[in-house]
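A.B. asks: What follows is protein-v7.cif, made up of mmCIF, C-alpha atoms:
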```cif
data_coords
#
loop_
_atom_site.label_atom_id
_atom_site.label_comp_id
_atom_site.auth_asym_id
_atom_site.auth_seq_id
_atom_site.Cartn_x
_atom_site.Cartn_y
_atom_site.Cartn_z
CA MET A 1 1.93 -8.60 -3.38
CA PRO A 2 -1.36 -8.12 -5.16
CA LEU A 3 -2.34 -8.54 -8.81
CA GLY A 4 -5.62 -6.66 -9.08
CA ALA A 5 -9.06 -7.25 -7.72
CA LEU A 6 -9.70 -10.91 -8.30
CA ALA A 7 -12.33 -11.42 -5.61
CA MET A 8 -14.41 -14.45 -6.36
CA CYS A 9 -16.53 -15.75 -3.53
CA GLY A 10 -17.35 -19.37 -3.19
CA ALA A 11 -19.76 -20.62 -5.83
CA LEU A 12 -17.87 -23.88 -5.73
CA LEU A 13 -19.50 -27.28 -5.93
CA THR A 14 -19.90 -29.64 -3.01
CA ALA A 15 -20.14 -33.39 -3.42
CA CYS A 16 -19.32 -36.73 -1.82
CA ALA A 17 -21.79 -36.80 1.09
CA GLY A 18 -20.12 -37.33 4.42
CA ALA A 19 -16.57 -36.79 3.10
CA GLY A 20 -14.08 -34.35 4.57
CA GLY A 21 -15.12 -34.29 8.19
CA SER A 22 -16.62 -36.19 11.06
CA GLY A 23 -20.08 -37.63 10.69
CA GLY A 24 -21.77 -39.19 7.71
CA GLY A 25 -25.06 -38.99 5.94
CA SER A 26 -25.72 -36.03 3.67
CA ASP A 27 -24.09 -33.31 5.78
CA ALA A 28 -22.45 -30.64 3.59
CA HIS A 29 -18.95 -29.53 4.51
CA SER A 30 -17.66 -26.05 3.77
CA ILE A 31 -14.91 -23.73 4.93
CA ASN A 32 -14.26 -20.02 4.48
CA VAL A 33 -10.82 -18.99 3.23
CA LEU A 34 -9.56 -15.40 3.24
CA MET A 35 -6.54 -14.79 1.05
CA VAL A 36 -4.39 -12.23 -0.73
CA ASN A 37 -5.06 -11.72 -4.45
CA ASN A 38 -1.71 -12.88 -5.82
CA PRO A 39 -1.40 -14.84 -9.09
CA GLN A 40 -0.73 -18.11 -7.26
CA MET A 41 -3.95 -17.72 -5.26
CA ALA A 42 -5.90 -16.99 -8.44
CA ASP A 43 -4.61 -20.29 -9.80
CA LEU A 44 -5.70 -22.03 -6.60
CA GLN A 45 -9.24 -20.74 -7.06
CA LYS A 46 -9.38 -22.13 -10.58
CA LEU A 47 -8.33 -25.59 -9.44
CA THR A 48 -10.17 -26.04 -6.13
CA ALA A 49 -13.69 -27.02 -7.21
CA ASP A 50 -12.70 -29.61 -9.80
CA ASN A 51 -10.03 -31.17 -7.63
CA PHE A 52 -10.16 -30.58 -3.88
CA THR A 53 -13.94 -30.25 -3.60
CA LYS A 54 -14.52 -33.12 -6.01
CA GLU A 55 -12.20 -35.37 -3.99
CA THR A 56 -13.30 -34.41 -0.47
CA GLY A 57 -16.79 -32.94 -0.72
CA ILE A 58 -15.58 -29.82 1.09
CA LYS A 59 -16.83 -26.60 -0.46
CA VAL A 60 -14.40 -23.69 -0.24
CA ASN A 61 -15.76 -20.15 -0.03
CA PHE A 62 -12.98 -17.77 -1.05
CA THR A 63 -12.73 -14.10 -0.12
CA VAL A 64 -9.85 -12.45 -1.98
CA LEU A 65 -8.49 -8.96 -1.31
CA PRO A 66 -5.42 -6.81 -2.10
CA GLU A 67 -2.52 -7.20 0.32
CA ASN A 68 -3.05 -4.18 2.56
CA ASP A 69 -6.80 -4.83 2.76
CA VAL A 70 -6.48 -8.54 3.44
CA ARG A 71 -4.01 -7.95 6.27
CA ASP A 72 -6.47 -5.62 7.99
CA LYS A 73 -9.38 -8.03 7.59
CA ILE A 74 -7.40 -11.03 8.81
CA THR A 75 -6.17 -9.14 11.87
CA GLN A 76 -9.72 -8.05 12.72
CA ASP A 77 -11.20 -11.52 12.40
CA PHE A 78 -8.41 -13.47 14.07
CA SER A 79 -7.81 -11.00 16.92
CA SER A 80 -11.50 -11.05 17.85
CA GLN A 81 -11.68 -14.82 17.26
CA ALA A 82 -14.87 -14.11 15.35
CA GLY A 83 -14.45 -17.33 13.44
CA GLN A 84 -15.87 -15.93 10.20
CA TYR A 85 -12.88 -17.36 8.36
CA ASP A 86 -11.46 -20.80 9.05
CA VAL A 87 -8.24 -20.31 7.10
CA ALA A 88 -6.31 -17.22 6.02
CA THR A 89 -3.09 -16.39 4.23
CA ILE A 90 -0.62 -15.15 6.81
CA SER A 91 3.11 -14.69 6.55
CA ASN A 92 6.19 -15.54 8.59
CA TYR A 93 5.79 -12.07 10.12
CA GLU A 94 2.30 -12.66 11.54
CA THR A 95 2.63 -16.34 12.44
CA PRO A 96 4.72 -16.13 15.64
CA ILE A 97 2.79 -13.06 16.79
CA TYR A 98 -0.62 -14.62 16.17
CA ALA A 99 0.55 -17.84 17.83
CA LYS A 100 1.68 -15.99 20.94
CA ASN A 101 -1.69 -14.24 21.11
CA GLY A 102 -3.55 -17.55 20.93
CA TRP A 103 -5.24 -16.76 17.63
CA LEU A 104 -4.03 -19.83 15.71
CA ALA A 105 -4.68 -23.52 16.12
CA PRO A 106 -1.42 -25.51 16.21
CA LEU A 107 -0.94 -27.81 13.24
CA THR A 108 1.80 -30.10 14.55
CA SER A 109 -0.49 -33.02 15.41
CA TYR A 110 -2.25 -32.79 12.06
CA ALA A 111 1.06 -32.76 10.19
CA LYS A 112 2.34 -35.80 12.13
CA LYS A 113 -0.78 -37.84 11.44
CA ASP A 114 -0.91 -36.82 7.77
CA THR A 115 2.16 -38.69 6.56
CA ALA A 116 1.30 -38.02 2.91
CA PHE A 117 1.78 -34.31 3.59
CA ALA A 118 5.52 -34.92 4.22
CA GLN A 119 6.32 -32.17 6.71
CA SER A 120 10.01 -33.11 6.49
CA ASP A 121 9.99 -31.99 2.85
CA ILE A 122 9.28 -28.37 3.85
CA LEU A 123 12.44 -26.27 3.52
CA PRO A 124 14.02 -25.81 6.97
CA ALA A 125 14.01 -22.00 6.80
CA MET A 126 10.30 -22.01 5.97
CA GLN A 127 9.36 -24.48 8.69
CA GLU A 128 11.40 -22.58 11.28
CA SER A 129 9.77 -19.28 10.34
CA LEU A 130 6.28 -20.77 10.87
CA THR A 131 7.06 -22.47 14.18
CA ALA A 132 6.63 -20.97 17.64
CA SER A 133 7.32 -22.59 21.02
CA GLY A 134 7.94 -25.91 19.29
CA GLN A 135 4.58 -25.98 17.50
CA ILE A 136 3.88 -25.55 13.79
CA TYR A 137 1.28 -22.82 13.37
CA ALA A 138 1.12 -22.39 9.59
CA GLU A 139 1.99 -24.30 6.44
CA PRO A 140 3.57 -22.52 3.46
CA PHE A 141 1.73 -22.08 0.17
CA TYR A 142 4.82 -20.66 -1.47
CA GLY A 143 8.06 -19.13 -0.29
CA GLU A 144 10.19 -16.39 -1.70
CA SER A 145 13.31 -14.34 -1.35
CA SER A 146 14.13 -11.36 -3.55
CA PHE A 147 16.34 -10.90 -6.59
CA LEU A 148 16.98 -8.59 -9.53
CA MET A 149 15.18 -9.25 -12.80
CA TYR A 150 16.36 -7.67 -16.04
CA ARG A 151 15.71 -7.77 -19.77
CA LYS A 152 18.56 -9.74 -21.31
CA ASP A 153 17.66 -8.67 -24.84
CA VAL A 154 17.61 -4.98 -23.94
CA PHE A 155 20.93 -5.26 -22.12
CA LYS A 156 22.49 -7.01 -25.12
CA GLU A 157 21.22 -4.40 -27.54
CA LYS A 158 22.54 -1.58 -25.35
CA GLY A 159 25.86 -3.32 -24.69
CA LEU A 160 25.18 -3.61 -20.98
CA THR A 161 26.44 -6.40 -18.73
CA MET A 162 24.79 -7.50 -15.50
CA PRO A 163 27.45 -8.40 -12.89
CA ALA A 164 27.19 -11.86 -11.35
CA ALA A 165 26.74 -10.22 -7.92
CA PRO A 166 25.64 -6.62 -8.55
CA THR A 167 26.04 -3.78 -6.10
CA TRP A 168 23.34 -1.18 -5.74
CA GLN A 169 25.60 1.46 -7.29
CA GLN A 170 26.10 -0.78 -10.33
CA VAL A 171 22.34 -1.21 -10.57
CA ALA A 172 21.82 2.55 -10.44
CA ASP A 173 24.38 3.03 -13.23
CA LEU A 174 22.68 0.35 -15.34
CA ALA A 175 19.26 1.90 -14.72
CA ALA A 176 20.52 5.22 -16.06
CA LYS A 177 21.89 3.57 -19.20
CA ALA A 178 18.81 1.40 -19.78
CA ASP A 179 16.39 4.30 -19.28
CA GLY A 180 14.82 4.96 -22.68
CA ALA A 181 16.34 1.87 -24.28
CA GLU A 182 12.96 1.29 -25.90
CA SER A 183 10.12 3.73 -26.40
CA GLY A 184 8.46 4.41 -23.04
CA MET A 185 10.86 2.12 -21.16
CA LYS A 186 12.28 3.20 -17.80
CA GLY A 187 15.44 1.86 -16.22
CA ILE A 188 13.99 0.08 -13.19
CA CYS A 189 10.82 -0.65 -11.23
CA LEU A 190 10.95 -0.26 -7.46
CA ARG A 191 7.91 -0.31 -5.20
CA GLY A 192 6.69 3.06 -3.99
CA LEU A 193 3.21 2.08 -2.79
CA PRO A 194 2.60 2.71 0.93
CA GLY A 195 2.46 -0.38 3.13
CA TRP A 196 4.88 -2.13 5.46
CA GLY A 197 4.76 -5.10 3.08
CA GLU A 198 4.93 -2.91 -0.03
CA VAL A 199 7.57 -0.15 -0.35
CA MET A 200 9.13 -0.96 3.03
CA ALA A 201 9.98 -4.53 2.02
CA PRO A 202 12.53 -3.77 -0.72
CA LEU A 203 13.64 -0.53 0.91
CA THR A 204 14.48 -2.24 4.20
CA THR A 205 16.74 -4.70 2.38
CA VAL A 206 18.59 -1.70 0.92
CA VAL A 207 18.83 -0.19 4.41
CA ASN A 208 20.25 -3.46 5.75
CA THR A 209 22.96 -3.83 3.15
CA MET A 210 23.93 -0.15 3.35
CA GLY A 211 24.61 -0.49 7.07
CA GLY A 212 21.33 0.66 8.57
CA THR A 213 18.70 -0.87 10.82
CA TRP A 214 15.36 0.12 12.34
CA PHE A 215 16.64 -0.50 15.87
CA ASP A 216 20.05 -1.34 17.30
CA LYS A 217 20.49 -4.24 19.71
CA ASP A 218 19.56 -2.01 22.66
CA TRP A 219 16.29 -0.88 21.05
CA LYS A 220 17.56 2.56 20.12
CA ALA A 221 15.68 3.81 17.04
CA GLN A 222 17.91 4.38 14.00
CA VAL A 223 15.45 5.62 11.37
CA ASP A 224 16.98 9.08 10.92
CA ARG A 225 20.59 7.96 11.40
CA PRO A 226 23.16 8.31 8.58
CA ALA A 227 23.03 4.75 7.21
CA PHE A 228 19.21 4.57 7.11
CA THR A 229 19.12 8.04 5.56
CA LYS A 230 21.75 7.20 2.94
CA ALA A 231 19.88 4.07 1.86
CA THR A 232 16.51 5.82 1.70
CA LYS A 233 17.87 8.75 -0.31
CA PHE A 234 19.53 6.31 -2.69
CA TYR A 235 16.26 4.38 -3.19
CA VAL A 236 14.10 7.50 -3.56
CA ASP A 237 16.55 9.18 -5.95
CA LEU A 238 16.84 6.06 -8.09
CA VAL A 239 13.11 5.55 -8.50
CA ARG A 240 12.50 9.27 -9.09
CA LYS A 241 15.23 9.53 -11.76
CA HIS A 242 14.92 6.21 -13.56
CA GLY A 243 11.91 4.42 -12.09
CA GLU A 244 8.48 3.58 -13.41
CA ALA A 245 5.70 6.05 -14.07
CA GLY A 246 3.35 6.38 -11.12
CA ALA A 247 5.95 5.04 -8.68
CA PRO A 248 4.17 6.30 -5.52
CA GLN A 249 1.21 4.05 -6.43
CA SER A 250 3.28 1.08 -7.62
CA GLY A 251 3.46 -2.11 -5.59
CA PHE A 252 4.26 -5.67 -6.55
CA ALA A 253 1.30 -5.95 -8.94
CA GLU A 254 2.06 -2.75 -10.78
CA CYS A 255 5.75 -3.58 -11.17
CA LEU A 256 4.85 -7.07 -12.42
CA ASN A 257 2.61 -5.48 -15.04
CA ASN A 258 5.32 -2.98 -15.99
CA MET A 259 7.91 -5.72 -16.43
CA THR A 260 5.51 -7.96 -18.36
CA GLN A 261 4.48 -5.11 -20.65
CA GLY A 262 8.04 -4.03 -21.42
CA LYS A 263 7.81 -0.71 -19.62
CA VAL A 264 10.91 -1.25 -17.47
CA ALA A 265 14.32 -2.82 -18.10
CA MET A 266 14.91 -4.04 -14.52
CA TRP A 267 12.89 -4.90 -11.45
CA TYR A 268 14.04 -5.72 -7.91
CA ASP A 269 11.39 -7.73 -6.08
CA ALA A 270 10.16 -11.14 -4.98
CA THR A 271 11.52 -14.32 -6.53
CA SER A 272 7.93 -15.54 -6.83
CA ALA A 273 7.41 -13.06 -9.68
CA ALA A 274 9.49 -15.22 -12.02
CA GLY A 275 6.75 -17.80 -12.45
CA SER A 276 4.43 -15.17 -13.90
CA LEU A 277 7.14 -13.62 -16.07
CA GLU A 278 8.04 -16.99 -17.56
CA SER A 279 4.50 -18.33 -17.99
CA SER A 280 3.31 -19.30 -21.46
CA GLU A 281 1.08 -16.23 -21.72
CA SER A 282 3.83 -13.77 -20.76
CA PRO A 283 5.16 -11.65 -23.67
CA VAL A 284 8.59 -11.44 -21.98
CA ALA A 285 9.01 -15.18 -21.28
CA GLY A 286 12.57 -16.22 -22.11
CA LYS A 287 13.79 -12.62 -22.19
CA ILE A 288 14.45 -12.17 -18.47
CA GLY A 289 17.74 -12.65 -16.63
CA TYR A 290 17.96 -13.13 -12.87
CA ALA A 291 20.71 -11.79 -10.60
CA PRO A 292 21.12 -11.87 -6.80
CA ALA A 293 19.62 -9.10 -4.69
CA PRO A 294 21.99 -6.12 -5.00
CA VAL A 295 24.36 -5.48 -2.11
CA ASP A 296 26.55 -2.79 -0.61
CA GLN A 297 28.18 -3.79 2.71
CA THR A 298 26.74 -7.30 3.12
CA LYS A 299 27.35 -10.48 1.11
CA SER A 300 23.64 -10.98 0.45
CA SER A 301 20.50 -8.92 0.95
CA GLY A 302 17.49 -10.92 -0.23
CA TRP A 303 14.49 -11.19 2.04
CA LEU A 304 12.74 -14.30 3.35
CA TYR A 305 8.98 -14.49 3.06
CA THR A 306 6.20 -17.00 2.79
CA TRP A 307 2.50 -16.75 2.22
CA ALA A 308 1.22 -19.54 4.42
CA TRP A 309 -2.07 -20.98 5.61
CA GLY A 310 -3.08 -20.25 9.19
CA LEU A 311 -6.02 -21.97 10.90
CA GLN A 312 -8.07 -19.75 13.19
CA LYS A 313 -8.32 -21.20 16.68
CA ALA A 314 -12.02 -20.32 16.84
CA SER A 315 -12.80 -22.31 13.68
CA LYS A 316 -15.48 -24.94 14.10
CA ASN A 317 -14.25 -26.73 10.98
CA GLN A 318 -10.67 -27.50 11.89
CA ASP A 319 -10.52 -31.01 10.42
CA ASP A 320 -11.89 -29.84 7.09
CA ALA A 321 -9.64 -26.78 7.22
CA TRP A 322 -6.57 -28.98 7.68
CA LYS A 323 -7.58 -31.04 4.65
CA PHE A 324 -7.62 -27.86 2.58
CA ILE A 325 -4.33 -26.60 4.04
CA SER A 326 -2.58 -29.92 3.51
CA TRP A 327 -3.84 -30.09 -0.08
CA ALA A 328 -2.93 -26.50 -0.97
CA SER A 329 0.57 -26.87 0.54
CA SER A 330 1.23 -30.32 -0.84
CA LYS A 331 3.58 -31.78 -3.40
CA LYS A 332 0.45 -33.20 -5.04
CA TYR A 333 -0.93 -29.68 -5.56
CA GLU A 334 2.35 -28.53 -7.10
CA GLU A 335 2.12 -31.42 -9.57
CA LEU A 336 -1.49 -30.46 -10.34
CA VAL A 337 -0.47 -26.90 -11.17
CA GLY A 338 2.39 -28.15 -13.30
CA GLU A 339 0.17 -30.44 -15.34
CA LYS A 340 -2.83 -28.11 -15.64
CA LEU A 341 -1.30 -24.61 -15.80
CA GLY A 342 2.38 -25.11 -16.59
CA TRP A 343 5.36 -26.00 -14.44
CA SER A 344 6.71 -22.44 -14.28
CA LYS A 345 3.56 -21.46 -12.35
CA VAL A 346 4.11 -23.96 -9.53
CA PRO A 347 3.92 -22.20 -6.10
CA ALA A 348 7.53 -23.02 -5.27
CA GLY A 349 10.04 -21.99 -2.64
CA LYS A 350 8.72 -24.22 0.12
CA ARG A 351 9.64 -27.87 -0.56
CA THR A 352 12.98 -29.54 -1.14
CA SER A 353 11.38 -31.93 -3.62
CA THR A 354 10.35 -29.06 -5.90
CA TYR A 355 14.00 -28.44 -6.73
CA GLU A 356 14.53 -32.14 -7.43
CA ASN A 357 11.61 -32.39 -9.85
CA PRO A 358 12.99 -32.58 -13.42
CA LYS A 359 9.77 -31.19 -14.92
CA TYR A 360 9.89 -28.12 -12.70
CA ILE A 361 13.62 -27.62 -13.21
CA ALA A 362 13.18 -27.80 -16.98
CA ALA A 363 10.36 -25.24 -17.00
CA ALA A 364 11.96 -22.98 -14.41
CA SER A 365 15.54 -23.39 -15.60
CA SER A 366 16.05 -19.64 -15.93
CA PHE A 367 15.17 -18.85 -12.32
CA ALA A 368 14.98 -22.03 -10.19
CA GLU A 369 18.64 -22.02 -9.18
CA ALA A 370 18.64 -18.28 -8.55
CA THR A 371 15.57 -18.66 -6.33
CA ALA A 372 17.00 -21.59 -4.39
CA ASN A 373 20.29 -19.73 -3.83
CA ALA A 374 18.45 -16.64 -2.61
CA LEU A 375 16.40 -18.68 -0.14
CA LYS A 376 19.51 -20.38 1.19
CA ALA A 377 21.37 -17.06 1.60
CA ALA A 378 18.56 -15.31 3.50
CA ASP A 379 19.32 -14.95 7.22
CA PRO A 380 16.46 -13.40 9.26
CA GLN A 381 18.56 -13.46 12.44
CA ASN A 382 21.49 -11.54 10.96
CA PRO A 383 20.48 -9.54 7.87
CA GLY A 384 22.73 -6.51 8.32
CA VAL A 385 26.07 -5.36 9.68
CA GLN A 386 25.06 -5.14 13.35
CA PRO A 387 23.15 -7.25 15.91
CA ARG A 388 19.35 -6.84 15.91
CA PRO A 389 16.90 -7.01 18.84
CA ALA A 390 14.28 -8.93 16.82
CA PRO A 391 14.36 -11.25 13.79
CA GLY A 392 13.35 -10.22 10.29
CA ILE A 393 14.96 -9.07 7.06
CA GLN A 394 12.36 -6.87 5.35
CA PHE A 395 10.45 -6.33 8.58
CA VAL A 396 11.04 -6.18 12.33
CA GLY A 397 9.43 -9.16 14.04
CA ILE A 398 7.36 -7.27 16.60
CA PRO A 399 3.59 -6.57 16.61
CA GLU A 400 4.12 -2.81 16.46
CA PHE A 401 5.85 -2.99 13.10
CA THR A 402 2.54 -3.23 11.23
CA ASP A 403 1.63 0.29 12.29
CA LEU A 404 5.17 1.67 12.41
CA GLY A 405 6.15 0.34 9.00
CA THR A 406 2.91 1.52 7.44
CA GLN A 407 3.20 5.05 8.81
CA VAL A 408 6.84 5.36 7.77
CA SER A 409 5.98 3.94 4.34
CA GLN A 410 3.47 6.72 3.84
CA GLN A 411 6.22 9.26 4.49
CA ILE A 412 8.57 7.49 2.06
CA SER A 413 5.91 7.30 -0.63
CA SER A 414 5.31 11.00 -0.17
CA ALA A 415 9.03 11.62 -0.68
CA ILE A 416 8.96 9.55 -3.88
CA ALA A 417 6.04 11.71 -5.03
CA GLY A 418 8.12 14.83 -4.30
CA LYS A 419 5.73 16.07 -1.63
CA THR A 420 8.25 15.91 1.21
CA SER A 421 11.99 15.46 1.64
CA VAL A 422 13.63 12.23 2.75
CA ASP A 423 15.06 14.04 5.77
CA ASP A 424 11.62 15.21 6.87
CA ALA A 425 10.11 11.79 6.17
CA LEU A 426 12.71 10.05 8.31
CA LYS A 427 12.52 12.65 11.06
CA ALA A 428 8.83 11.80 11.41
CA GLY A 429 9.69 8.11 11.20
CA GLN A 430 12.28 8.42 13.96
CA GLU A 431 9.71 9.89 16.33
CA LEU A 432 7.37 6.98 15.66
CA ALA A 433 10.19 4.44 16.07
CA GLU A 434 11.26 5.98 19.37
CA LYS A 435 7.77 5.45 20.78
CA VAL A 436 7.95 1.78 19.84
CA ALA A 437 11.47 1.47 21.20
CA ALA A 438 10.36 2.83 24.56
CA LYS A 439 8.11 -0.22 25.01
CA TYR A 440 11.07 -2.60 24.66
CA ALA A 441 14.11 -0.73 25.96
CA ASP A 442 13.67 -1.77 29.59
CA LYS A 443 12.61 -5.38 28.89
#
```
Show me, as structure tokens, the structure contained in the file I just sent.
C.D. replies:
Amino acid sequence: MPLGALAMCGALLTACAGAGGSGGGSDAHSINVLMVNNPQMADLQKLTADNFTKETGIKVNFTVLPENDVRDKITQDFSSQAGQYDVATISNYETPIYAKNGWLAPLTSYAKKDTAFAQSDILPAMQESLTASGQIYAEPFYGESSFLMYRKDVFKEKGLTMPAAPTWQQVADLAAKADGAESGMKGICLRGLPGWGEVMAPLTTVVNTMGGTWFDKDWKAQVDRPAFTKATKFYVDLVRKHGEAGAPQSGFAECLNNMTQGKVAMWYDATSAAGSLESSESPVAGKIGYAPAPVDQTKSSGWLYTWAWGLQKASKNQDDAWKFISWASSKKYEELVGEKLGWSKVPAGKRTSTYENPKYIAAASSFAEATANALKAADPQNPGVQPRPAPGIQFVGIPEFTDLGTQVSQQISSAIAGKTSVDDALKAGQELAEKVAAKYADK
């Protein structure tokens, strides 16, 4: 979920000769980190040199790219085991796949030895999603589910009430009424940018709750079936009628900007967005309300996702890499962010202790409980109304989904742009899904 081109590559200081790795003397230690350009990662860059590097002597060279680009680069480097990057931001989608392919170094032994890291403090759902064959293969930087964000002041002025547990039809009705509430304001922001982790993330949660699925339990593709079609038409119609300007090019970053700048009255997206909306520099801080992810046929529909740190198996700097990972994922780092940048900007959603910290709760009072509830309600094994052949809420946990989801997303984005119909988009998607299904049907 990107926030603009923030690439800043590694002019960070190195100090403390001999610290941060094996050996002594004046050997310099450095690692290369490839990560997505989200706000939380931008904060990490600001804090690394004066804190991590100063304490350990390990220089960190950052390469930062938008989400779609960083995924491609990580896959290329890790799949070839080129070793150019020691650490990269990967998600709970990639982790089990990369682990199975032998691209990641297991972190279990590091976590056991590093008692200060407190592995037991990691939320169970997060730890489980980053574990494969009994081994931990990534540590979370922050975790998220999804919920609905809305302008409380605008709703009050228009006499609108957000239900405690909204349905998607209620959201559509509210979007129509909030459209034009202020000059240039649209009713809702929904991602339309191509990418399996962009438009397909929120859309797939709508598909799930409206009774659809990518594949049934027997690996029969369902992309052009009635439930998937109904959900997609609903989503496309809603964003075309009452969504943000430039919707086909809008991803997480663009919707965050639209919400921050008062261009939309509602936004359905990642819970991690709340920290930016409520930060001291945000013009809408204190004006946002938070409601559960909208539903239709299911009790909940929020996704489960984490940006986590994976260590490339080919890395020659694994000890130093673990020191960075354990610092960036630590309770200590959360406290650093809170003290230096503000408690609402803490990369939350990964540790139990975060939601027991009175300073964080005070700063994040408007969204902390809503986030915690969303994370607890997320069920990757059973996100819809029927059994699934693979885990995942906003994705299907198979390697082929990267390509499948991306190609289908391009069709959906085209439908949002009015260049094709939903029926034609899903017909093309069904053909692609059937090819994937054929690989699994007889297994």
A.B. asks: Compare A:Cys189, A:Val436, A:Leu375, A:Ala118 by their minimum atom-to-atom distance to Ile398 in chain A, counting only C-alpha atoms, and give me the closest one.
C.D. replies: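 Smallest distance to Ile398 in chain A is found for A:Val436.
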A.B. asks: Pick out the closest residue to Ala265 in chain A from this set: A:Gly184, A:Gly83, A:Pro380, A:Gly392. Count only C-alpha atoms.
C.D. replies: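 When distances to Ala265 in chain A are compared using only C-alpha atoms, the smallest one comes from A:Gly184.
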A.B. asks: Provide the CA of Asp77 in chain A to CA of Phe395 in chain A distance in Å, to one decimal place.
C.D. replies: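 Computing it gives 22.6 Å between the two atoms.
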A.B. asks: Which distance in Å separates CA of Val346 in chain A and CA of Thr271 in chain A, to one decimal?
C.D. replies: 12.5 Å
A.B. asks: Smallest atom-to-atom distance to Tyr305 in chain A: which of A:Glu182, A:Glu94, A:Asp114, A:Asp173, using only C-alpha atoms?
C.D. replies: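 The answer is A:Glu94, which sits nearest to Tyr305 in chain A.
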A.B. asks: Counting all atoms listed in the file, find the residues whose atoms lie at most 8 Å from (13.9, -29.7, 0.2) (file coordinates) and write them out as a list in words.
C.D. replies: Asp121, Ile122, Leu123, Pro124, Lys350, Arg351, Thr352, Ser353, Thr354 and Tyr355 of chain A
A.B. asks: Could you check how far CA of Ala328 in chain A sits from CA of Thr131 in chain A, in Å to one decimal?
C.D. replies: 18.6 Å
A.B. asks: Any chance you could resolve the PyMOL selection byres ((chain A and resi 161-172) around 10) against this file and give the residues as an MDAnalysis selection string?
C.D. replies: chainID A and resid 148 150 152 155:156 158:160 173:178 187:188 206 209:210 231 234:235 237:239 241:242 266 268 289:300
A.B. asks: How about saving the chosen residues, C-alpha atoms kept, as a PDB file, in the coordinates of the input?
C.D. replies:
```pdb
ATOM      1  CA  LEU A 148      16.980  -8.590  -9.530  1.00  0.00           C
ATOM      2  CA  TYR A 150      16.360  -7.670 -16.040  1.00  0.00           C
ATOM      3  CA  LYS A 152      18.560  -9.740 -21.310  1.00  0.00           C
ATOM      4  CA  PHE A 155      20.930  -5.260 -22.120  1.00  0.00           C
ATOM      5  CA  LYS A 156      22.490  -7.010 -25.120  1.00  0.00           C
ATOM      6  CA  LYS A 158      22.540  -1.580 -25.350  1.00  0.00           C
ATOM      7  CA  GLY A 159      25.860  -3.320 -24.690  1.00  0.00           C
ATOM      8  CA  LEU A 160      25.180  -3.610 -20.980  1.00  0.00           C
ATOM      9  CA  ASP A 173      24.380   3.030 -13.230  1.00  0.00           C
ATOM     10  CA  LEU A 174      22.680   0.350 -15.340  1.00  0.00           C
ATOM     11  CA  ALA A 175      19.260   1.900 -14.720  1.00  0.00           C
ATOM     12  CA  ALA A 176      20.520   5.220 -16.060  1.00  0.00           C
ATOM     13  CA  LYS A 177      21.890   3.570 -19.200  1.00  0.00           C
ATOM     14  CA  ALA A 178      18.810   1.400 -19.780  1.00  0.00           C
ATOM     15  CA  GLY A 187      15.440   1.860 -16.220  1.00  0.00           C
ATOM     16  CA  ILE A 188      13.990   0.080 -13.190  1.00  0.00           C
ATOM     17  CA  VAL A 206      18.590  -1.700   0.920  1.00  0.00           C
ATOM     18  CA  THR A 209      22.960  -3.830   3.150  1.00  0.00           C
ATOM     19  CA  MET A 210      23.930  -0.150   3.350  1.00  0.00           C
ATOM     20  CA  ALA A 231      19.880   4.070   1.860  1.00  0.00           C
ATOM     21  CA  PHE A 234      19.530   6.310  -2.690  1.00  0.00           C
ATOM     22  CA  TYR A 235      16.260   4.380  -3.190  1.00  0.00           C
ATOM     23  CA  ASP A 237      16.550   9.180  -5.950  1.00  0.00           C
ATOM     24  CA  LEU A 238      16.840   6.060  -8.090  1.00  0.00           C
ATOM     25  CA  VAL A 239      13.110   5.550  -8.500  1.00  0.00           C
ATOM     26  CA  LYS A 241      15.230   9.530 -11.760  1.00  0.00           C
ATOM     27  CA  HIS A 242      14.920   6.210 -13.560  1.00  0.00           C
ATOM     28  CA  MET A 266      14.910  -4.040 -14.520  1.00  0.00           C
ATOM     29  CA  TYR A 268      14.040  -5.720  -7.910  1.00  0.00           C
ATOM     30  CA  GLY A 289      17.740 -12.650 -16.630  1.00  0.00           C
ATOM     31  CA  TYR A 290      17.960 -13.130 -12.870  1.00  0.00           C
ATOM     32  CA  ALA A 291      20.710 -11.790 -10.600  1.00  0.00           C
ATOM     33  CA  PRO A 292      21.120 -11.870  -6.800  1.00  0.00           C
ATOM     34  CA  ALA A 293      19.620  -9.100  -4.690  1.00  0.00           C
ATOM     35  CA  PRO A 294      21.990  -6.120  -5.000  1.00  0.00           C
ATOM     36  CA  VAL A 295      24.360  -5.480  -2.110  1.00  0.00           C
ATOM     37  CA  ASP A 296      26.550  -2.790  -0.610  1.00  0.00           C
ATOM     38  CA  GLN A 297      28.180  -3.790   2.710  1.00  0.00           C
ATOM     39  CA  THR A 298      26.740  -7.300   3.120  1.00  0.00           C
ATOM     40  CA  LYS A 299      27.350 -10.480   1.110  1.00  0.00           C
ATOM     41  CA  SER A 300      23.640 -10.980   0.450  1.00  0.00           C
TER      42      SER A 300
END
```
A.B. asks: Do you know which residues the PyMOL selection byres ((chain A and resi 415-430) around 8) returns on this file, as a ChimeraX atom specification?
C.D. replies: /A:192,221-224,229,232-233,236-237,239-240,247-248,404,407-408,411-414,431-434
